[in-house]
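This is structure-v1.txt (compact mmCIF, C-alpha atoms and all ligand atoms).
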```txt
# COMPACT_ATOMS: atom_id res chain seq x y z
CA MET A 1 33.71 30.06 16.34
CA ARG A 2 36.59 29.03 14.14
CA CYS A 3 36.81 28.60 10.41
CA GLU A 4 36.68 24.92 9.52
CA ALA A 5 38.87 25.51 6.49
CA CYS A 6 41.74 27.66 7.71
CA GLY A 7 41.23 27.40 11.48
CA ARG A 8 41.20 31.14 12.06
CA LYS A 9 38.65 32.77 14.32
CA ILE A 10 35.60 33.92 12.41
CA PHE A 11 34.82 37.58 12.80
CA GLY A 12 31.30 38.54 11.95
CA LYS A 13 29.04 36.26 10.01
CA PRO A 14 30.15 32.68 9.39
CA TYR A 15 29.54 31.24 5.95
CA LYS A 16 28.27 27.76 5.23
CA VAL A 17 29.84 26.46 2.09
CA ILE A 18 30.63 23.28 0.24
CA ILE A 19 34.36 22.86 -0.31
CA GLU A 20 35.37 19.70 -2.15
CA GLY A 21 32.11 18.02 -1.22
CA ALA A 22 32.25 18.85 2.49
CA ARG A 23 29.89 21.19 4.25
CA LEU A 24 31.93 23.64 6.26
CA THR A 25 31.44 26.70 8.40
CA VAL A 26 34.09 29.08 7.19
CA CYS A 27 35.32 32.64 7.36
CA THR A 28 34.65 35.29 4.72
CA ASP A 29 37.96 34.59 2.97
CA CYS A 30 37.44 30.85 2.75
CA SER A 31 33.82 31.22 1.64
CA LYS A 32 35.16 32.61 -1.65
CA HIS A 33 36.81 29.28 -2.39
CA GLY A 34 33.70 27.20 -1.77
CA LYS A 35 30.17 27.07 -3.02
CA LEU A 36 27.81 28.95 -0.73
CA VAL A 37 24.92 26.61 0.01
CA TRP A 38 22.89 27.57 2.97
CA GLU A 39 22.64 30.65 5.09
CA GLU A 40 21.80 28.96 8.37
CA GLU A 41 21.15 25.51 9.73
CA PRO A 42 17.59 24.54 8.95
CA LYS A 43 15.38 24.96 11.99
CA PRO A 44 12.15 22.99 11.50
CA LYS A 45 10.72 24.12 14.81
CA ALA A 46 10.96 27.77 13.86
CA ALA A 47 9.46 27.09 10.45
CA ALA A 48 6.46 25.33 11.94
CA LYS A 49 5.56 28.30 14.10
CA PRO A 50 5.66 31.42 11.98
CA ARG A 51 5.69 34.59 14.02
CA GLY A 52 3.80 37.76 13.26
CA PRO A 53 0.75 38.05 11.07
CA LYS A 54 -0.26 35.02 9.08
CA PRO A 55 0.74 35.10 5.43
CA THR A 56 -2.02 36.29 3.11
CA LEU A 57 -2.30 32.83 1.62
CA MET A 58 -3.63 31.53 4.92
CA ILE A 59 -6.56 33.94 4.98
CA PRO A 60 -9.58 32.24 3.46
CA VAL A 61 -10.85 34.17 0.48
CA LYS A 62 -14.56 33.80 -0.03
CA ARG A 63 -14.71 34.99 -3.59
CA GLN A 64 -11.71 34.58 -5.84
CA PRO A 65 -11.52 35.71 -9.46
CA GLU A 66 -13.33 33.20 -11.60
CA THR A 67 -10.57 31.24 -13.21
CA THR A 68 -10.78 27.83 -14.79
CA PRO A 69 -8.04 25.25 -14.17
CA THR A 70 -6.62 26.15 -17.58
CA GLY A 71 -6.12 29.71 -16.45
CA THR A 72 -8.71 31.37 -18.67
CA THR A 73 -11.04 33.85 -17.05
CA VAL A 74 -14.68 33.02 -17.44
CA GLU A 75 -17.81 35.05 -17.04
CA LEU A 76 -21.55 34.81 -17.19
CA ILE A 77 -23.06 35.61 -20.58
CA GLN A 78 -24.87 38.93 -20.84
CA ASP A 79 -28.29 37.53 -21.79
CA PHE A 80 -28.34 34.69 -19.27
CA ASP A 81 -31.94 35.49 -18.27
CA THR A 82 -33.45 35.14 -21.75
CA LYS A 83 -31.24 32.18 -22.58
CA ILE A 84 -32.38 30.30 -19.48
CA ARG A 85 -36.05 31.14 -20.04
CA ARG A 86 -35.99 30.16 -23.71
CA ALA A 87 -34.18 26.90 -23.06
CA ARG A 88 -36.56 26.05 -20.24
CA GLU A 89 -39.63 26.80 -22.35
CA GLU A 90 -38.24 24.84 -25.29
CA LEU A 91 -37.85 21.81 -23.06
CA GLY A 92 -41.38 22.36 -21.78
CA PHE A 93 -40.31 22.85 -18.17
CA SER A 94 -42.16 25.09 -15.77
CA HIS A 95 -40.25 26.96 -13.10
CA ASP A 96 -41.41 24.24 -10.77
CA ASP A 97 -40.13 21.45 -13.04
CA LEU A 98 -36.75 23.06 -13.40
CA GLY A 99 -36.55 23.81 -9.71
CA LYS A 100 -37.13 20.15 -8.88
CA LYS A 101 -34.64 18.97 -11.48
CA ILE A 102 -31.77 21.06 -10.22
CA ASN A 103 -32.92 21.15 -6.60
CA GLU A 104 -33.30 24.91 -6.41
CA LYS A 105 -36.05 27.18 -5.19
CA VAL A 106 -38.59 28.27 -7.78
CA SER A 107 -38.37 31.83 -6.48
CA LEU A 108 -34.66 31.81 -7.18
CA LEU A 109 -35.20 30.67 -10.77
CA ARG A 110 -37.82 33.38 -11.26
CA LYS A 111 -35.38 35.99 -9.98
CA ILE A 112 -32.71 34.79 -12.38
CA GLU A 113 -35.03 34.75 -15.38
CA THR A 114 -36.17 38.27 -14.57
CA ARG A 115 -32.56 39.35 -14.14
CA LYS A 116 -33.09 40.31 -10.52
CA MET A 117 -30.30 37.93 -9.66
CA ALA A 118 -27.34 36.37 -11.42
CA PRO A 119 -26.72 32.66 -10.87
CA ASP A 120 -23.51 31.76 -9.12
CA ASN A 121 -21.05 29.41 -10.79
CA LEU A 122 -22.53 26.29 -9.24
CA LEU A 123 -26.08 27.15 -10.24
CA ALA A 124 -24.97 28.28 -13.69
CA ALA A 125 -23.26 24.92 -14.17
CA LYS A 126 -26.41 23.07 -13.11
CA LEU A 127 -28.53 25.14 -15.48
CA GLU A 128 -26.03 24.57 -18.28
CA ARG A 129 -26.24 20.83 -17.83
CA THR A 130 -30.01 20.61 -17.40
CA LEU A 131 -30.98 23.05 -20.13
CA LYS A 132 -28.09 22.17 -22.44
CA ILE A 133 -27.04 25.78 -22.83
CA LYS A 134 -23.84 27.72 -22.35
CA LEU A 135 -23.91 30.32 -19.60
CA ILE A 136 -20.28 30.58 -18.58
CA VAL A 137 -17.92 31.62 -21.34
CA PRO A 138 -14.27 32.60 -21.47
CA THR A 139 -13.95 36.37 -21.13
CA SER A 140 -12.25 36.70 -24.51
CA GLU A 141 -15.35 35.42 -26.33
CA GLU A 142 -17.37 38.27 -24.94
CA GLU A 143 -14.87 40.92 -25.99
CA ILE A 144 -16.04 43.42 -28.53
CA LYS A 145 -14.09 42.83 -31.67
CA ILE A 146 -13.16 46.08 -33.41
CA PRO A 147 -12.60 45.71 -37.14
CA PRO A 148 -9.03 46.70 -38.10
CA GLU A 149 -10.17 49.49 -40.43
CA LYS A 150 -11.97 51.15 -37.55
CA ILE A 151 -8.84 51.05 -35.41
CA ALA A 152 -6.84 52.61 -38.27
CA LYS A 153 -9.37 55.43 -38.58
CA ALA A 154 -9.33 56.08 -34.87
CA THR A 155 -5.55 56.27 -34.82
CA SER A 156 -5.34 58.62 -37.78
CA ARG A 157 -7.77 60.96 -36.06
CA THR A 158 -5.65 61.08 -32.93
CA LEU A 159 -3.11 63.82 -33.27
CA THR A 160 0.08 63.77 -31.30
CA LEU A 161 1.61 66.88 -29.80
CA GLY A 162 4.21 66.76 -32.56
CA ASP A 163 1.48 66.76 -35.19
CA LEU A 164 -0.12 69.79 -33.60
CA ILE A 165 3.17 71.70 -33.60
CA GLU A 166 3.66 70.81 -37.26
CA LEU A 167 0.16 72.01 -38.09
CA ASN A 168 0.77 75.23 -36.20
CA LYS A 169 3.97 75.84 -38.14
CA LYS A 170 2.26 75.28 -41.47
CA ASP A 171 -0.48 77.63 -40.41
CA LYS A 172 1.99 80.35 -39.53
CA GLU A 173 3.95 79.81 -42.73
CA GLU A 174 0.78 80.23 -44.73
CA THR A 175 -0.14 83.41 -42.86
CA THR A 176 3.30 84.89 -43.40
CA ARG A 177 3.19 83.95 -47.07
CA ARG A 178 -0.20 85.57 -47.36
CA GLU A 179 1.07 88.67 -45.61
CA GLN A 180 4.09 88.89 -47.91
CA SER A 181 2.17 88.61 -51.12
ZN ZN B 201 39.01 30.47 6.74
```
What would the structure in this file look like if it were written as structure tokens?
Ligand SMILES: [Zn+2]
Amino acid sequence: MRCEACGRKIFGKPYKVIIEGARLTVCTDCSKHGKLVWEEEPKPKAAAKPRGPKPTLMIPVKRQPETTPTGTTVELIQDFDTKIRRAREELGFSHDDLGKKINEKVSLLRKIETRKMAPDNLLAAKLERTLKIKLIVPTSEEEIKIPPEKIAKATSRTLTLGDLIELNKKDKEETTRREQS
């Protein structure tokens, strides 16, 4: 293989560069004068048949982290059982009524209301719509909010190693003073 720029024989790896708008296969020296564009000629056949193990993206994942299209993580509210039961009773639905409305087994609804089971996202969405309640909330809403004064107290109580050394020093100073007097 010869360099398309200077005509010399290419030793080692040829470079594909753009020199003055032309795509050329050049030697190492000439590659410095052009803009390196592509490592190798594109090979669509090779790309279509990837060798080795399939990339992880290809493996179907049954349960992915619950993420809304907006990117916020959502979760089921803590008291979903009582919320569902109350909403159902307020609307005057029996388990049977609700089961028929959302096309779910009565036994399943009983299990959910007794907290033996948590509804999946699809069922939670159906219950939300039918009972006009909110069961799936963004994770942040469920976070325990610590008042700032409590955080301040907690930090002041935490002593660093440096603090402990300082305290030790003071202690010793006091003892020596006491001994001297
Ligand atoms: Zn060259």
Site check for ligand ZN 201 (chain B): residues at most 10 Å away, only C-alpha atoms and all ligand atoms, as an NGL selection string: :A and (2-10 or 14-15 or 24-33)
Spatial sel., origin (26.4, 29.7, -0.7), limit 9 Å, all atoms listed in the file, listed as an MDAnalysis selection string: chainID A and resid 15:18 31 34:39
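Comparing the minimum interatomic distances between Val137 in chain A and each of A:Leu164, A:Gln78, A:Arg85, A:Ile19, counting only C-alpha atoms, we find that A:Gln78 sits nearest.
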8 Å contact set for range 126-130 of chain A, all atoms listed in the file, chain neighbours under 6 positions out, as a PyMOL selection string: chain A and resi 84+101-102
C-alpha atoms of the current selection, written as a PDB file, in the coordinates of the input:
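For reference, out16.pdb as written:
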```
ATOM      1  CA  ILE A  84     -32.380  30.300 -19.480  1.00  0.00           C
ATOM      2  CA  LYS A 101     -34.640  18.970 -11.480  1.00  0.00           C
ATOM      3  CA  ILE A 102     -31.770  21.060 -10.220  1.00  0.00           C
TER       4      ILE A 102
END
```
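For the choices A:His95, A:Lys172, A:Lys83, A:Arg178, the atom-to-atom distance to Lys134 in chain A is smallest for A:Lys83 when using all atoms listed in the file.
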Counting all atoms listed in the file, which residues come within 12 Å of (-36.9, 31.7, -20.9), with the point read in the file's coordinates, and could you list them as a PDB file with C-alpha atoms, in the coordinates of the input?
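Final file, out_2.pdb:
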```
ATOM      1  CA  ASP A  79     -28.290  37.530 -21.790  1.00  0.00           C
ATOM      2  CA  PHE A  80     -28.340  34.690 -19.270  1.00  0.00           C
ATOM      3  CA  ASP A  81     -31.940  35.490 -18.270  1.00  0.00           C
ATOM      4  CA  THR A  82     -33.450  35.140 -21.750  1.00  0.00           C
ATOM      5  CA  LYS A  83     -31.240  32.180 -22.580  1.00  0.00           C
ATOM      6  CA  ILE A  84     -32.380  30.300 -19.480  1.00  0.00           C
ATOM      7  CA  ARG A  85     -36.050  31.140 -20.040  1.00  0.00           C
ATOM      8  CA  ARG A  86     -35.990  30.160 -23.710  1.00  0.00           C
ATOM      9  CA  ALA A  87     -34.180  26.900 -23.060  1.00  0.00           C
ATOM     10  CA  ARG A  88     -36.560  26.050 -20.240  1.00  0.00           C
ATOM     11  CA  GLU A  89     -39.630  26.800 -22.350  1.00  0.00           C
ATOM     12  CA  GLU A  90     -38.240  24.840 -25.290  1.00  0.00           C
ATOM     13  CA  LEU A  91     -37.850  21.810 -23.060  1.00  0.00           C
ATOM     14  CA  GLY A  92     -41.380  22.360 -21.780  1.00  0.00           C
ATOM     15  CA  PHE A  93     -40.310  22.850 -18.170  1.00  0.00           C
ATOM     16  CA  SER A  94     -42.160  25.090 -15.770  1.00  0.00           C
ATOM     17  CA  HIS A  95     -40.250  26.960 -13.100  1.00  0.00           C
ATOM     18  CA  LEU A  98     -36.750  23.060 -13.400  1.00  0.00           C
ATOM     19  CA  LEU A 109     -35.200  30.670 -10.770  1.00  0.00           C
ATOM     20  CA  ARG A 110     -37.820  33.380 -11.260  1.00  0.00           C
ATOM     21  CA  LYS A 111     -35.380  35.990  -9.980  1.00  0.00           C
ATOM     22  CA  ILE A 112     -32.710  34.790 -12.380  1.00  0.00           C
ATOM     23  CA  GLU A 113     -35.030  34.750 -15.380  1.00  0.00           C
ATOM     24  CA  THR A 114     -36.170  38.270 -14.570  1.00  0.00           C
ATOM     25  CA  ARG A 115     -32.560  39.350 -14.140  1.00  0.00           C
ATOM     26  CA  LEU A 127     -28.530  25.140 -15.480  1.00  0.00           C
ATOM     27  CA  LEU A 131     -30.980  23.050 -20.130  1.00  0.00           C
ATOM     28  CA  ILE A 133     -27.040  25.780 -22.830  1.00  0.00           C
TER      29      ILE A 133
END
```
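When all atoms listed in the file are used to compute distances to Leu76 in chain A, the closest of the residues A:Leu108, A:Ala124, A:Met117, A:Ala22 turns out to be A:Ala124.
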Distance in Å - CA of Ala125 in chain A versus CA of Ile77 in chain A: 12.5 Å
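A straight line drawn from CA of Thr73 in chain A to CA of Glu104 in chain A is 26.2 Å long.
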Counting all atoms listed in the file, the option among A:Thr139, A:Thr176, A:Asn121, A:Thr160 closest to Val74 in chain A: A:Thr139
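Note that the spacing between CA of Ser107 in chain A and CA of Pro138 in chain A amounts to 28.4 Å.
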